[in-house]
Every structure is written in structure tokens, then in C-alpha cells.
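Q: So that we are looking at the same thing, I have put the structure below in C-alpha cells.
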Protein chains: 2
Amino acid sequence: MDPVKILDVKESILNDNDETAEQFRKELKAKGVFLLNLMGSPGAGKTSTLLRIIDALKGEFRIGVMEADVDSSVDAEKAAAAGVRVIQLHTGGSCHMDAEMTRRGAEEMGIDGLDLLVVENVGNLVCPAEFDIGANRRAEILSVPEGDDKPLKYPLMFETADVVFLNKIDTIRYFDFNMDHFAANVKSRRSGTEIIPYSAKTGEGCDRVAEWIRNAVLEDRKSI
Amino acid sequence: MDPVKILDVKESILNDNDETAEQFRKELKAKGVFLLNLMGSPGAGKTSTLLRIIDALKGEFRIGVMEADVDSSVDAEKAAAAGVRVIQLHTGGSCHMDAEMTRRGAEEMGIDGLDLLVVENVGNLVCPAEFDIGANRRAEILSVPEGDDKPLKYPLMFETADVVFLNKIDTIRYFDFNMDHFAANVKSRRSGTEIIPYSAKTGEGCDRVAEWIRNAVLEDRKSI
């Protein structure tokens with residue numbers, strides 16, 4: 001296996017992020033690439049979820065992955081081992097990706113021929129929610145151990161997420177996590193957001209996560 | 001119980017944070033107040049740890065708490081119920097506290113007569129590490145479900161933390177968390193950082209967390 005390519009991307013404060021995001025989204029559309037922005041806390045299980053998604057969908061879609069981290073390339077190495085196109089982006093201390101950083105990463109990696117491009121954003125529930133990176137959908141991974149009150153504390157993340165993947169459902173009996181409270185808290189931020197409970201560890205529910213993504217990709221293709 | 005006071009604090013980009021932090025630290029010293037900056041991911045258990053700390057130390061120290069959140073005041077209400085002086089700070093979308101925001105919160109709450117002031121920072125492993133808020137010590141709470149690789153991904157947090165409180169140790173058998181790997185990863189960022197495993201839920205090890213803080217406060221008093 002070739003070593004994973006690592007690119008340093010820096011945030012530019014001069015650039016109009018919303019405009020760049022719109023432009024980048026059009027470029028992706030023209031190439032037929034669907035971009036998923038995968039967000040969540042440190043340790044929510046973004047990478048292990050991504051490996052489940054790759055496993056479930058790599059037969060149907062050509063998948064590319066951009067791993068964004070402040071440092072290290074452990075996630076990218078795992079994704080590369082799963083046999084997809086990968087680049088590791090180092091954000092230079094920045095707590096999120098923006099549209100220009102994402103576009104630069106995509107250029108460097110090469111996205112021609114891909115169906116599905118997944119950005120694993122920096123582990124953080126605040127900053128990544130503030131930036132449109134040009135994605136077609138935003139998915140928020142929350143894990144059971146984080147608690148059912150997180151939508152109350154991180155409003156923008158839950159106002160902007162198109163779906164909530166609820167990971168580590170296999171551990172729910174060891175934590176004070178009330179599913180009804182969680183559903184109500186999610187709903188208080190954005191009504192109609194689907195919550196998909198699953199466990200990247202045991203595999204339970206991972207088919208539903210993959211199905212949600214598959215449907216989003218296919219739906220987007222129809223809307224030309 | 002009176003309703004918790006809520007203060008909106010906004011980050012000022014014009015202010016020299018390091019200078020403000022040094023100045024604020026001197027003011028705290030003059031008043032005999034020890035400031036602890038408590039950081040960690042969303043859901044790491046910062047508030048429940050704080051309640052354990054209050055319980056263990058409120059007989060010896062007069063304690064004040066500043067709860068920093070993007071939104072909501074659920075944490076401050078819990079701390080207020082524990083019988084200490086509390087203020088809730090809303091950061092206006094900002095992912096961290098800085099020195100001026102902390103000073104404003106302290107002024108508004110009133111810190112005269114306090115021995116120990118704890119800031120529960122915004123749940124985040126990136127931004128809070130970048131800002132000196134004027135604290136005497138920085139504590140990083142990591143929880144077992146987040147994984148043993150976090151020091152690799154969030155370098156600055158582990159380079160600057162004076163201690164690592166490892167929460168949810170009661171759940172270690174349900175997660176792939178290797179204590180030797182974790183210790184090596186912590187050490188790779190800063191050698192000599194003490195790791196204190198505990199569970200805010202069961203109470204196991206909480207006396208050692210409280211003891212670390214007690215020793216830090218007493219040590220600081222000697223160094224006048």
C-alpha cells in the first residue's frame with residue numbers, strides 16, 4: 001500500500017465561504033460526485049462508521065475519502081486499508097473544514113470518476129457546523145456515551161444536520177441515555193430529522209446508515 | 001433557588017489574549033482565588049465531574065463555577081443545585097473561552113472570598129486549548145468511550161494540559177481502550193502528565209481527582 005498523501009490546508013479569512021461552497025457544489029454536480037460532510041465529537045466513532053459505510057457501499061459506488069484532522073494520519077490509513085481513494089488533510093490547528101480547504105483537498109486527491117466523496121470533518125460539535133463545505137448532505141454522528149442532552153448545548157449542529165446517526169447503541173444500558181428525551185431534544189432543534197441508531201462496533205443498524213446515504217446519493221442524481 | 005444568572009460574552013478579536021490572561025491571573029492571585037480551566041469533549045462528563053469535585057471539596061474551599069456553553073443553562077442549574085456560586089456564560093457561537101470573556105464572567109458573578117474558581121469550558125478538544133484564560137491549571141477530561149488515540153489527534157490539548165482526568169473508567173470493558181497505548185500517547189505529547197482514571201458515575205477514583213485539585217490549590221498558595 002502506498003503511503004497516504006498528506007496535504008496541509010489553511011483557512012483563508014479573505015475568502016467568501018458561502019460563495020466558494022456554492023461554486024464547489026456546482027463543480028461536484030458537473031462531475032457527478034455526491035459530497036457528504038460527516039461530523040461529530042472526538043471519539044463519536046466517525047472513522048469506524050466510515051469503514052462500515054465503505055464496506056456496505058463500495059460495491060455500488062466509487063468512494064473517495066478526505067480525512068480532516070488537526071494532526072496525525074491514523075484515520076486516513078484505516079480508510080486507505082479499506083481500499084478507497086484517500087487523502088489526509090491537516091487543518092493547521094483549525095477546528096473545522098471550510099469550502100476552500102475542501103476544494104483544495106479534492107483537487108489534490110483527484111475526484112474524477114467518484115460517485116461518493118466523504119469528508120470526515122474535525123471532531124468538534126461547534127465550528128464544523130458553521131461552515132458550508134459544499135456538501136450535498138450533512139450527517140451528525142452522536143454516540144450514546146455523550147448523552148441525550150447534546151442538542152441543547154450544540155444548537156447549530158442539530159439545526160443544520162440532515163440526519164443524526166446515533167452510534168454505540170450497543171452500550172446504551174451502561175449509560176443514562178433516554179431515547180425519548182434525545183428524540184425530543186433533536187426535534188426541538190429541527191423537526192423531521194431522522195435518527196438512526198446503530199453500532200459501528202457490532203454492525204447492528206449499519207445497513208440503515210448505508211441505506212440513508214444510498215438514498216441521498218440516488219435522490220440527488222435525479223434532481224439534475 | 002434563584003434562577004441562574006446568564007451572561008452573554010463575546011470574543012473580541014482586538015484584544016491581546018495572552019496579556020489579558022497574565023493580568024487576570026495577577027488579579028486572581030491578589031484575591032487569593034485559584035482558577036481551574038476544565039476542558040474536554042462534548043459528553044466527556046465535565047459537569048458530572050464538577051459535581052463530584054464540589055462534593056469532595058466544598059467543606060474545605062469556597063467554590064465558584066462558571067459554565068461556558070454555546071447555548072442552554074442545564075449545566076449551571078446542576079452546579080447551582082450543588083450549592084456553589086454559579087454563572088452561566090453563553091459564548092455567542094464561539095467554541096472556546098478567552099481571557100477577557102472569563103474576566104467579564106468573573107466580574108459579573110463576583111469572586112471575592114472564593115478559594116477555587118472552576119471554568120467548565122465549551123465541549124471541544126481544539127479551540128479551548130489555544131486560549132490562556134488566566135487559569136492556574138488546565139485539566140483535560142477524556143472519557144474512555146472516546147478512545148485511546150485522542151492525544152494523537154488533538155495535540156495542543158495534550159501538550160498544554162497539566163493533568164488528564166480519565167472518566168467513565170467503569171465502562172472500559174465495553175470499549176477497545178488500551179490503557180498502555182493511552183499512556184504512551186499522552187506521554188508523546190507531554191511527558192510527566194499524570195493520568196487519573198475515575199468514574200463520575202460510580203464515584204470510583206473521584207477522591208484522587210479531588211486530591212489533585214486540592215494539592216494544586218495548596219501548592220499555589222505557597223508560591224506567593
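Please note that chains go A, B, ... in the order of the C-alpha cells, that every chain numbers its residues from 1, and that ligands are numbered from 1 in the order shown.
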Compute the set of chain A residues within 10 Å of chain B, using only C-alpha atoms, and express it as a ChimeraX atom specification.
A: /A:40-45,69-75,93-96,122-127,130,142-156,168,170-171,174-176,201
Q: Per DSSP on the backbone, filter region 18-128 of chain A down to the residues in alpha helix (DSSP H) and report them as an NGL selection string.
A: :A and (18-31 or 46-57 or 74-81 or 99-109)
Q: Name all residues at most 7 Å from Glu67 (chain B) (count only C-alpha atoms; drop same-chain ones fewer than 2 positions away) and give them as a tab-separated table (two decimals) with C-alpha atoms, in the first residue's frame.
A:
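Final file, result12.tsv:
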```
chain	number	residue	atom	x	y	z
B	65	VAL	CA	-18.29	27.86	38.95
B	69	ASP	CA	-21.71	26.93	26.68
B	75	ASP	CA	-25.04	22.62	33.50
B	76	ALA	CA	-25.24	25.79	35.57
B	87	ILE	CA	-22.81	31.87	36.49
B	88	GLN	CA	-23.76	30.61	33.03
B	89	LEU	CA	-21.80	32.16	30.17
B	119	VAL	CA	-14.43	27.28	34.45
B	120	GLU	CA	-16.17	24.47	32.63
B	121	ASN	CA	-15.08	25.33	29.12
```
Q: Figure out the distance between CA of Ala56 (chain A) and CA of Asp207 (chain A), please, to one decimal in Å.
A: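 Between CA of Asp207 (chain A) and CA of Ala56 (chain A) the gap works out to 7.2 Å.
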Q: Which residues, written as number ranges by chain, have at least one atom at most 10 Å from Ala200 (chain B), with only C-alpha atoms counted and residues fewer than 5 positions away on the same chain left out?
A: B: 45-53, 166-170, 205-206, 209
Q: Please indicate the distance in Å from CA of Met101 (chain A) to CA of Met157 (chain B), rounded to one decimal place.
A: 23.0 Å
Q: Just the residues within 12 Å of Ala216 (chain A), please, counting only C-alpha atoms, with nothing from its chain fewer than 2 positions along; format it as a CSV table (one decimal) with all heavy atoms, in the first residue's frame.
A:
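Once everything was written out, this is selection-v3.csv:
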```csv
chain,number,residue,atom,x,y,z
A,34,PHE,N,-21.2,13.1,-5.3
A,34,PHE,CA,-22.0,13.5,-4.2
A,34,PHE,C,-21.1,13.7,-3.0
A,34,PHE,O,-20.3,12.8,-2.7
A,34,PHE,CB,-23.0,12.4,-3.9
A,34,PHE,CG,-23.9,12.6,-2.7
A,34,PHE,CD1,-25.2,13.2,-2.9
A,34,PHE,CD2,-23.5,12.3,-1.4
A,34,PHE,CE1,-26.1,13.4,-1.8
A,34,PHE,CE2,-24.4,12.6,-0.3
A,34,PHE,CZ,-25.6,13.1,-0.5
A,35,LEU,N,-21.2,14.8,-2.3
A,35,LEU,CA,-20.3,15.1,-1.2
A,35,LEU,C,-21.1,15.0,0.2
A,35,LEU,O,-22.1,15.7,0.4
A,35,LEU,CB,-19.7,16.5,-1.3
A,35,LEU,CG,-18.8,17.0,-0.2
A,35,LEU,CD1,-17.6,16.0,0.1
A,35,LEU,CD2,-18.3,18.4,-0.5
A,36,LEU,N,-20.6,14.2,1.0
A,36,LEU,CA,-21.2,14.0,2.4
A,36,LEU,C,-20.3,14.6,3.4
A,36,LEU,O,-19.1,14.2,3.5
A,36,LEU,CB,-21.4,12.5,2.7
A,36,LEU,CG,-22.0,12.2,4.1
A,36,LEU,CD1,-23.4,12.7,4.2
A,36,LEU,CD2,-21.9,10.7,4.3
A,115,ASP,N,-18.3,8.5,-7.3
A,115,ASP,CA,-19.7,8.7,-7.1
A,115,ASP,C,-20.0,9.4,-5.7
A,115,ASP,O,-20.9,10.3,-5.6
A,115,ASP,CB,-20.5,7.4,-7.0
A,115,ASP,CG,-20.3,6.6,-8.3
A,115,ASP,OD1,-20.7,7.2,-9.4
A,115,ASP,OD2,-19.8,5.5,-8.3
A,116,LEU,N,-19.2,9.0,-4.7
A,116,LEU,CA,-19.5,9.5,-3.3
A,116,LEU,C,-18.1,9.9,-2.7
A,116,LEU,O,-17.2,9.1,-2.7
A,116,LEU,CB,-20.1,8.3,-2.5
A,116,LEU,CG,-20.2,8.5,-1.0
A,116,LEU,CD1,-21.1,9.7,-0.7
A,116,LEU,CD2,-20.7,7.2,-0.4
A,135,ALA,N,-21.1,20.6,0.6
A,135,ALA,CA,-21.6,19.2,0.7
A,135,ALA,C,-23.1,19.2,0.2
A,135,ALA,O,-23.8,20.2,0.3
A,135,ALA,CB,-21.6,18.7,2.1
A,136,ASN,N,-23.5,18.0,-0.2
A,136,ASN,CA,-24.9,17.8,-0.6
A,136,ASN,C,-25.7,17.4,0.7
A,136,ASN,O,-26.9,17.7,0.7
A,136,ASN,CB,-25.0,16.6,-1.6
A,136,ASN,CG,-24.3,17.0,-2.9
A,136,ASN,OD1,-23.1,16.7,-3.0
A,136,ASN,ND2,-25.0,17.6,-3.8
A,137,ARG,N,-25.1,16.8,1.6
A,137,ARG,CA,-25.8,16.5,2.9
A,137,ARG,C,-24.8,16.6,4.0
A,137,ARG,O,-23.6,16.3,3.9
A,137,ARG,CB,-26.3,15.0,2.9
A,137,ARG,CG,-27.4,14.7,1.9
A,137,ARG,CD,-28.8,15.3,2.2
A,137,ARG,NE,-29.8,14.8,1.3
A,137,ARG,CZ,-29.8,15.0,0.0
A,137,ARG,NH1,-29.0,15.9,-0.6
A,137,ARG,NH2,-30.8,14.5,-0.8
A,138,ARG,N,-25.4,16.9,5.2
A,138,ARG,CA,-24.6,16.9,6.4
A,138,ARG,C,-25.1,15.8,7.4
A,138,ARG,O,-26.3,15.8,7.7
A,138,ARG,CB,-24.8,18.3,7.2
A,138,ARG,CG,-24.4,19.5,6.4
A,138,ARG,CD,-24.7,20.7,7.2
A,138,ARG,NE,-24.3,21.9,6.6
A,138,ARG,CZ,-23.9,23.0,7.2
A,138,ARG,NH1,-23.8,23.1,8.5
A,138,ARG,NH2,-23.5,24.1,6.5
A,139,ALA,N,-24.2,15.0,7.8
A,139,ALA,CA,-24.6,14.0,8.8
A,139,ALA,C,-23.9,14.2,10.1
A,139,ALA,O,-22.7,14.5,10.1
A,139,ALA,CB,-24.2,12.6,8.3
A,162,ASP,N,-28.7,17.0,8.4
A,162,ASP,CA,-29.8,16.4,7.7
A,162,ASP,C,-30.2,15.1,8.3
A,162,ASP,O,-31.3,14.6,8.0
A,162,ASP,CB,-29.4,16.2,6.2
A,162,ASP,CG,-29.2,17.6,5.5
A,162,ASP,OD1,-30.1,18.4,5.5
A,162,ASP,OD2,-28.0,17.8,5.1
A,163,VAL,N,-29.3,14.5,9.1
A,163,VAL,CA,-29.6,13.2,9.7
A,163,VAL,C,-28.7,13.1,10.9
A,163,VAL,O,-27.6,13.7,11.0
A,163,VAL,CB,-29.3,12.0,8.7
A,163,VAL,CG1,-27.8,11.9,8.4
A,163,VAL,CG2,-29.8,10.7,9.2
A,209,VAL,N,-27.8,3.0,8.1
A,209,VAL,CA,-27.0,4.1,7.9
A,209,VAL,C,-26.6,4.2,6.4
A,209,VAL,O,-26.7,5.2,5.7
A,209,VAL,CB,-25.7,4.1,8.8
A,209,VAL,CG1,-24.7,5.1,8.4
A,209,VAL,CG2,-26.1,4.2,10.3
A,210,ALA,N,-26.1,3.0,5.9
A,210,ALA,CA,-25.7,2.9,4.5
A,210,ALA,C,-26.9,3.2,3.6
A,210,ALA,O,-26.8,3.9,2.6
A,210,ALA,CB,-25.1,1.5,4.2
A,211,GLU,N,-28.1,2.7,4.0
A,211,GLU,CA,-29.3,2.9,3.1
A,211,GLU,C,-29.6,4.4,3.1
A,211,GLU,O,-30.0,4.9,2.0
A,211,GLU,CB,-30.4,2.1,3.7
A,211,GLU,CG,-31.6,2.0,2.8
A,211,GLU,CD,-32.8,1.5,3.5
A,211,GLU,OE1,-32.7,1.0,4.7
A,211,GLU,OE2,-33.9,1.5,2.9
A,212,TRP,N,-29.5,5.1,4.2
A,212,TRP,CA,-29.8,6.5,4.2
A,212,TRP,C,-28.9,7.3,3.2
A,212,TRP,O,-29.3,8.1,2.4
A,212,TRP,CB,-29.6,7.1,5.6
A,212,TRP,CG,-30.1,8.6,5.7
A,212,TRP,CD1,-31.4,9.0,6.0
A,212,TRP,CD2,-29.4,9.8,5.3
A,212,TRP,NE1,-31.5,10.3,5.9
A,212,TRP,CE2,-30.3,10.8,5.5
A,212,TRP,CE3,-28.1,10.0,4.9
A,212,TRP,CZ2,-29.9,12.2,5.3
A,212,TRP,CZ3,-27.7,11.3,4.7
A,212,TRP,CH2,-28.6,12.4,4.9
A,213,ILE,N,-27.6,6.9,3.2
A,213,ILE,CA,-26.6,7.6,2.3
A,213,ILE,C,-26.9,7.2,0.8
A,213,ILE,O,-26.9,8.0,0.0
A,213,ILE,CB,-25.2,7.2,2.7
A,213,ILE,CG1,-24.9,7.7,4.1
A,213,ILE,CG2,-24.2,7.7,1.7
A,213,ILE,CD1,-23.6,7.2,4.7
A,214,ARG,N,-27.2,5.9,0.6
A,214,ARG,CA,-27.5,5.4,-0.7
A,214,ARG,C,-28.7,6.2,-1.3
A,214,ARG,O,-28.7,6.7,-2.4
A,214,ARG,CB,-27.8,3.9,-0.7
A,214,ARG,CG,-28.2,3.4,-2.1
A,214,ARG,CD,-28.8,2.0,-2.0
A,214,ARG,NE,-27.8,1.0,-1.5
A,214,ARG,CZ,-27.9,0.4,-0.4
A,214,ARG,NH1,-29.0,0.5,0.5
A,214,ARG,NH2,-27.0,-0.5,0.0
A,218,LEU,N,-28.8,8.7,-4.6
A,218,LEU,CA,-29.7,8.4,-5.7
A,218,LEU,C,-30.7,9.6,-5.9
A,218,LEU,O,-31.0,9.9,-7.1
A,218,LEU,CB,-30.4,7.1,-5.5
A,218,LEU,CG,-29.5,5.9,-5.4
A,218,LEU,CD1,-30.2,4.6,-5.2
A,218,LEU,CD2,-28.6,5.7,-6.7
A,219,GLU,N,-31.2,10.1,-4.9
A,219,GLU,CA,-32.1,11.2,-4.9
A,219,GLU,C,-31.5,12.4,-5.6
A,219,GLU,O,-32.1,13.1,-6.4
A,219,GLU,CB,-32.5,11.6,-3.5
A,219,GLU,CG,-33.8,12.3,-3.3
A,219,GLU,CD,-34.0,12.5,-1.8
A,219,GLU,OE1,-34.5,11.5,-1.1
A,219,GLU,OE2,-33.7,13.6,-1.2
A,220,ASP,N,-30.2,12.7,-5.2
A,220,ASP,CA,-29.5,13.8,-5.7
A,220,ASP,C,-29.3,13.7,-7.2
A,220,ASP,O,-29.3,14.6,-8.0
A,220,ASP,CB,-28.2,14.0,-5.0
A,220,ASP,CG,-27.8,15.4,-4.9
A,220,ASP,OD1,-28.6,16.2,-4.3
A,220,ASP,OD2,-26.8,15.8,-5.5
A,221,ARG,N,-29.1,12.5,-7.7
A,221,ARG,CA,-28.8,12.2,-9.1
A,221,ARG,C,-30.0,12.6,-9.9
A,221,ARG,O,-29.9,13.0,-11.1
A,221,ARG,CB,-28.5,10.7,-9.3
A,221,ARG,CG,-27.0,10.4,-9.0
A,221,ARG,CD,-26.7,9.1,-9.6
A,221,ARG,NE,-25.3,8.8,-9.1
A,221,ARG,CZ,-24.8,7.5,-9.1
A,221,ARG,NH1,-25.6,6.5,-9.4
A,221,ARG,NH2,-23.6,7.3,-8.7
A,222,LYS,N,-31.2,12.3,-9.3
A,222,LYS,CA,-32.5,12.5,-10.1
A,222,LYS,C,-32.7,14.0,-10.3
A,222,LYS,O,-33.3,14.5,-11.3
A,222,LYS,CB,-33.6,11.9,-9.3
A,222,LYS,CG,-33.8,10.4,-9.6
A,222,LYS,CD,-35.1,9.9,-9.0
A,222,LYS,CE,-35.0,9.7,-7.5
A,222,LYS,NZ,-36.2,9.1,-6.9
A,223,SER,N,-32.2,14.8,-9.3
A,223,SER,CA,-32.5,16.3,-9.4
A,223,SER,C,-31.5,17.0,-10.2
A,223,SER,O,-30.7,17.8,-9.6
A,223,SER,CB,-32.6,16.8,-7.9
A,223,SER,OG,-31.3,16.8,-7.4
```
